[in-house]
>>> print(open('final-v4.cif').read())   # mmCIF, C-alpha atoms
data_upload
#
loop_
_atom_site.label_atom_id
_atom_site.label_comp_id
_atom_site.auth_asym_id
_atom_site.auth_seq_id
_atom_site.Cartn_x
_atom_site.Cartn_y
_atom_site.Cartn_z
CA MET A 1 0.00 0.00 0.00
CA ASN A 2 1.47 3.36 -1.01
CA LYS A 3 1.65 6.42 1.23
CA GLU A 4 -1.25 8.19 -0.49
CA THR A 5 -3.55 5.23 0.16
CA LYS A 6 -2.42 5.00 3.78
CA VAL A 7 -3.10 8.70 4.30
CA ALA A 8 -6.49 8.40 2.58
CA ASN A 9 -7.43 5.50 4.86
CA GLU A 10 -6.32 7.44 7.93
CA LEU A 11 -8.30 10.49 6.78
CA GLN A 12 -11.42 8.35 6.44
CA LYS A 13 -10.84 6.91 9.91
CA MET A 14 -10.43 10.43 11.30
CA LEU A 15 -13.69 11.47 9.62
CA THR A 16 -15.50 8.49 11.13
CA GLN A 17 -14.11 9.29 14.58
CA ASN A 18 -15.10 12.98 14.27
CA GLU A 19 -11.48 14.14 14.47
CA VAL A 20 -11.86 16.46 11.48
CA PRO A 21 -13.34 19.96 11.91
CA ILE A 22 -16.76 20.26 10.31
CA SER A 23 -15.54 23.17 8.18
CA VAL A 24 -13.17 20.90 6.20
CA GLN A 25 -14.93 17.51 6.33
CA GLU A 26 -16.24 17.72 2.76
CA ASP A 27 -12.81 18.76 1.44
CA ILE A 28 -11.09 15.95 3.36
CA ASN A 29 -13.56 13.40 2.02
CA GLN A 30 -12.92 14.53 -1.57
CA ILE A 31 -9.16 14.58 -1.01
CA SER A 32 -9.27 11.08 0.42
CA ASP A 33 -11.10 9.81 -2.67
CA SER A 34 -8.63 11.62 -4.94
CA LEU A 35 -5.66 10.10 -3.12
CA VAL A 36 -7.05 6.56 -3.39
CA ASN A 37 -7.78 7.02 -7.09
CA GLY A 38 -4.37 8.53 -7.87
CA LEU A 39 -5.84 11.85 -8.96
CA VAL A 40 -3.69 13.87 -6.56
CA SER A 41 -0.39 13.40 -4.76
CA LEU A 42 0.52 14.34 -1.20
CA ASN A 43 2.90 17.02 -2.53
CA GLU A 44 0.08 18.69 -4.46
CA LEU A 45 -2.00 18.91 -1.29
CA GLN A 46 0.49 21.24 0.39
CA LYS A 47 -1.12 24.06 -1.63
CA GLU A 48 -4.54 23.50 -0.01
CA ASP A 49 -6.18 25.59 2.69
CA GLN A 50 -4.19 25.75 5.93
CA PHE A 51 -6.84 23.83 7.91
CA VAL A 52 -6.95 21.07 5.29
CA VAL A 53 -3.15 20.82 5.31
CA GLU A 54 -3.15 20.54 9.11
CA VAL A 55 -5.58 17.59 8.99
CA ILE A 56 -3.51 15.89 6.28
CA GLN A 57 -0.33 16.40 8.31
CA LYS A 58 -2.04 14.94 11.39
CA ALA A 59 -3.01 11.86 9.36
CA MET A 60 0.55 11.51 8.05
CA THR A 61 1.92 11.74 11.58
CA LYS A 62 -0.47 9.03 12.74
CA ILE A 63 0.53 6.59 9.98
CA GLU A 64 4.22 7.28 10.48
CA GLY A 65 3.86 6.58 14.20
CA SER A 66 2.16 3.24 13.71
#
>>> encode(input="final-v4.cif", output="structure tokens")
Amino acid sequence: MNKETKVANELQKMLTQNEVPISVQEDINQISDSLVNGLVSLNELQKEDQFVVEVIQKAMTKIEGS
């Protein structure tokens, strides 16, 4: 499993566990789908809204710590 898929899975888990602010939940859901389908890379996501980037970084930290 590549890093994008791992991050997408973690983002979905975070959504399910209500760890994502409501203001960015829709964006995170779309980003997760895009990551799984190879439509976007993690590097490209660094240009997103600051709150979205923070959630993505939190997911990356969680997968790197496991």
>>> closest_residue(input="final-v4.cif", among="A:Glu48, A:Glu54, A:Glu4, A:Glu19", to="Ser32 in chain A", atoms="only C-alpha atoms")
A:Glu4
>>> atom_distance(input="final-v4.cif", atom1="CA of Gly38 in chain A", atom2="CA of Leu15 in chain A")
20.0 Å
>>> atom_distance(input="final-v4.cif", atom1="CA of Lys62 in chain A", atom2="CA of Glu10 in chain A")
7.7 Å
>>> closest_residue(input="final-v4.cif", among="A:Met60, A:Val36, A:Leu11, A:Leu42", to="Val24 in chain A", atoms="all atoms listed in the file")
A:Leu11
>>> closest_residue(input="final-v4.cif", among="A:Ile63, A:Leu45, A:Val55, A:Leu39", to="Val7 in chain A", atoms="all atoms listed in the file")
A:Ile63
>>> axis_aligned_box(input="final-v4.cif", around="range 34-41 of chain A", padding_each_side="3 Å", output="AutoDock Vina command-line options")
--center_x -4.5 --center_y 10.2 --center_z -6.0 --size_x 14.2 --size_y 13.3 --size_z 11.8
>>> closest_residue(input="final-v4.cif", among="A:Val52, A:Thr5, A:Gly65, A:Ser23", to="Asn37 in chain A", atoms="all atoms listed in the file")
A:Thr5
>>> atom_distance(input="final-v4.cif", atom1="CA of Val53 in chain A", atom2="CA of Ser66 in chain A")
20.2 Å
>>> build_atoms(input="final-v4.cif", residues="range 19-30 of chain A", atoms="N, CA and C atoms", output="compact mmCIF listing (two decimals), keeping the file's coordinate frame")
# COMPACT_ATOMS: atom_id res chain seq x y z
N GLU A 19 -12.71 13.44 14.14
CA GLU A 19 -11.48 14.14 14.47
C GLU A 19 -11.16 15.24 13.46
N VAL A 20 -12.07 15.46 12.52
CA VAL A 20 -11.86 16.46 11.48
C VAL A 20 -12.88 17.59 11.70
N PRO A 21 -12.40 18.83 11.74
CA PRO A 21 -13.34 19.96 11.91
C PRO A 21 -14.42 19.95 10.82
N ILE A 22 -15.63 20.26 11.23
CA ILE A 22 -16.76 20.26 10.31
C ILE A 22 -16.49 21.13 9.09
N SER A 23 -15.78 22.23 9.27
CA SER A 23 -15.54 23.17 8.18
C SER A 23 -14.74 22.58 7.02
N VAL A 24 -13.98 21.49 7.27
CA VAL A 24 -13.17 20.90 6.20
C VAL A 24 -13.53 19.44 5.90
N GLN A 25 -14.59 18.92 6.52
CA GLN A 25 -14.93 17.51 6.33
C GLN A 25 -15.20 17.17 4.86
N GLU A 26 -15.94 18.00 4.17
CA GLU A 26 -16.24 17.72 2.76
C GLU A 26 -14.97 17.72 1.92
N ASP A 27 -14.09 18.70 2.17
CA ASP A 27 -12.81 18.76 1.44
C ASP A 27 -11.97 17.52 1.71
N ILE A 28 -11.90 17.11 2.98
CA ILE A 28 -11.09 15.95 3.36
C ILE A 28 -11.65 14.69 2.71
N ASN A 29 -12.95 14.56 2.66
CA ASN A 29 -13.56 13.40 2.02
C ASN A 29 -13.20 13.35 0.53
N GLN A 30 -13.28 14.48 -0.15
CA GLN A 30 -12.92 14.53 -1.57
C GLN A 30 -11.43 14.26 -1.77
